[in-house]
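Trainee: I am attaching a structure below and will ask some questions about it afterwards.
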Amino acid sequence: MANELETKKKNNTSASEASKAPLKKEALGWMEWLRGWFYLVYEMLFQRILASHLHNPMPLPPINDLTCVVTGSTSGIGREIARQLAEAGAHVVMAVRSTNRAQELIRKWQEDWSGKGLPLNIEVMELDLLSLDSVAQFAEAWNARMAPLHVLINNAGIFSIGEPQKFSKDGYEEHMQVNHLAPAMLSILLLPSLIRGSPSRIVNVNSTMHYVGFVDPEDMNVVSGKRKYTSVVGYGGSKLAQIMFSSVLHKRLPAETGISVVCNTPGIVLTNVARDLPQYLQVGYRLIPYFIFNPEEGSRSTLFAATDPQISEYCEMLKADDWPVCAYISHDCRPTNASEEAHNVETSYKVWEKTLELVGLPSDAVERLIEGEEIKCRYGNSQE
């Protein structure tokens, strides 16, 4: 009888402990969701007022010695970023899927710049973020130059509004791959060149949409059925995953590497995203030009994050204070807070581990690359 009572007591204790264990979060709470949409509406209505102190175009400091890789630089804010960096004297590498289109842009820019100074120092390299093989091959080709890289701007992104769920040939949901997995992979693989260019920066063009995003590290493709997929779910989740991954990378890079990791939001910008909207929404989008930034205005926070001399100090301050999130720059070029969910450290580390697994990189890739070792990647020419 005593043994039975002891067994029952243990079972009751186990049941009590299980009931006290925190349940796995499967979605944003309704308050978080409402707060996220409030931030979005607030940004759209007041972004122009909040950013009224900024010049347009953004004045840049001397950057003649900088080499900058800009993904998705044939349209929208990416095109403005590449052009303005080049006109300020930087060596710009347009990392794009359509190399012919990029070459046409360069010819036009050179003609427009003729007589204003030295020819623009721009080149084109092919990069398709819907192919992780392409990402690995780009990084391998750049690292083979043994040249320094001072700024990596992960600008390219997609938001397929209203479209059904699509998957890349690598098997990943397209928003998650283009907006998070591929840029994360590129950032890790280019660490040797970023170390050579130290002090250097990784700038991730993010979105206020991350405030309504949620990431389940075990269901990053949103296929489990726990959540209904929509383009907003796909896009918001991918942008939140980008911040979470960036925050862990920010912590894992020792100060001695001199690499700063920054996320920024360009604001609500009239770009190719609007082109993908239904016709009736496009009309409404263009009826409120006062509230919406044009690409030149939308490029300012990214250019600020990439070139302002105080960014590095700010990143080091956050690291010293053990702040849970990497630097996040608002559309008005001021530091701001990422979403409450972005501060979830436990989920951030799970996103970090799952991301490295999905892109075929070892869990200790950062540490090994910092030590100068070579790593094997599941994709590209060096795949096992």
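Lettering and numbering for the structure tokens are positional, with chains as A, B, ... in the shown order, residues counted from 1 in each chain, and ligands counted from 1 in the shown order.
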Using only C-alpha atoms, which residues sit within 9 Å of Ile259 (chain A) once same-chain residues fewer than 4 positions away are excluded, as JSON, numbers by chain?

Mentor: {"A": [150, 191, 194, 195, 197, 198, 199, 200, 201, 202, 250, 253, 254, 255, 312]}

Trainee: For region 196-300 of chain A versus region 313-317 of chain A, which residues have an atom no more than 8 Å away, and what is each residue's nearest atom pair and distance in Å rounded to one decimal, using only C-alpha atoms, chain-then-number order, as JSON lines?

Mentor:
```
{"residue": "A:Ala255", "atom": "CA", "partner": "A:Glu316", "partner_atom": "CA", "distance": 7.3}
{"residue": "A:Ser260", "atom": "CA", "partner": "A:Cys315", "partner_atom": "CA", "distance": 6.2}
{"residue": "A:Val261", "atom": "CA", "partner": "A:Cys315", "partner_atom": "CA", "distance": 7.3}
{"residue": "A:Val262", "atom": "CA", "partner": "A:Cys315", "partner_atom": "CA", "distance": 7.8}
```

Trainee: Selected residues, all heavy atoms, written as a PDB file, in the first residue's frame, please.

Mentor:
```pdb
ATOM      1  N   ALA A 255      33.622  40.912 -31.070  1.00  0.00           N
ATOM      2  CA  ALA A 255      33.902  42.313 -31.401  1.00  0.00           C
ATOM      3  C   ALA A 255      35.156  42.430 -32.257  1.00  0.00           C
ATOM      4  O   ALA A 255      35.264  43.340 -33.086  1.00  0.00           O
ATOM      5  CB  ALA A 255      34.052  43.126 -30.115  1.00  0.00           C
ATOM      6  N   SER A 260      29.458  44.471 -38.056  1.00  0.00           N
ATOM      7  CA  SER A 260      28.198  44.902 -37.456  1.00  0.00           C
ATOM      8  C   SER A 260      27.034  44.289 -38.231  1.00  0.00           C
ATOM      9  O   SER A 260      27.093  44.173 -39.461  1.00  0.00           O
ATOM     10  CB  SER A 260      28.081  46.430 -37.482  1.00  0.00           C
ATOM     11  OG  SER A 260      29.159  47.040 -36.804  1.00  0.00           O
ATOM     12  N   VAL A 261      25.994  43.897 -37.514  1.00  0.00           N
ATOM     13  CA  VAL A 261      24.792  43.330 -38.133  1.00  0.00           C
ATOM     14  C   VAL A 261      23.623  44.247 -37.830  1.00  0.00           C
ATOM     15  O   VAL A 261      23.324  44.537 -36.669  1.00  0.00           O
ATOM     16  CB  VAL A 261      24.507  41.909 -37.612  1.00  0.00           C
ATOM     17  CG1 VAL A 261      23.286  41.322 -38.317  1.00  0.00           C
ATOM     18  CG2 VAL A 261      25.720  41.005 -37.795  1.00  0.00           C
ATOM     19  N   VAL A 262      22.967  44.718 -38.887  1.00  0.00           N
ATOM     20  CA  VAL A 262      21.894  45.709 -38.748  1.00  0.00           C
ATOM     21  C   VAL A 262      20.690  45.291 -39.579  1.00  0.00           C
ATOM     22  O   VAL A 262      20.839  44.807 -40.701  1.00  0.00           O
ATOM     23  CB  VAL A 262      22.356  47.101 -39.242  1.00  0.00           C
ATOM     24  CG1 VAL A 262      21.327  48.168 -38.896  1.00  0.00           C
ATOM     25  CG2 VAL A 262      23.719  47.460 -38.699  1.00  0.00           C
TER      26      VAL A 262
END
```

Trainee: Please identify all polymer residues within 12 Å of region 24-38 of chain A, counting only C-alpha atoms, omitting same-chain residues fewer than 4 positions from it, and present them as an NGL selection string.

Mentor: :A and (42-46 or 207-220 or 222 or 224-228 or 232-233 or 236-237 or 240 or 338-342 or 344 or 346-347)

Trainee: What is the distance, in Å and to one decimal place, between CA of Asn221 (chain A) and CA of Glu163 (chain A)?

Mentor: 15.2 Å

Trainee: May I have all residues of region 91-296 of chain A that DSSP, computed from the backbone, assigns to helix (DSSP H, G or I), given as a PyMOL selection string?

Mentor: chain A and resi 99-113+132-143+174-189+191-196+208-212+231-252+255-257+272-275+279-286+295-296

Trainee: Nearest to Phe138 (chain A) among A:Val93, A:Ile63, A:Val366, A:Ala241, with distances taken over only C-alpha atoms: which residue is it?

Mentor: A:Val93

Trainee: If we count only C-alpha atoms and set the cut-off at 10 Å, which residues sit around Gly78 (chain A), ignoring sequence neighbours fewer than 2 positions away in its own chain? Please answer as a count of residues only.

Mentor: 25

Trainee: So how many Å separate CA of Ser160 (chain A) and CA of Leu303 (chain A), to one decimal?

Mentor: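 CA of Leu303 (chain A) lies at a distance of 25.4 Å from CA of Ser160 (chain A).
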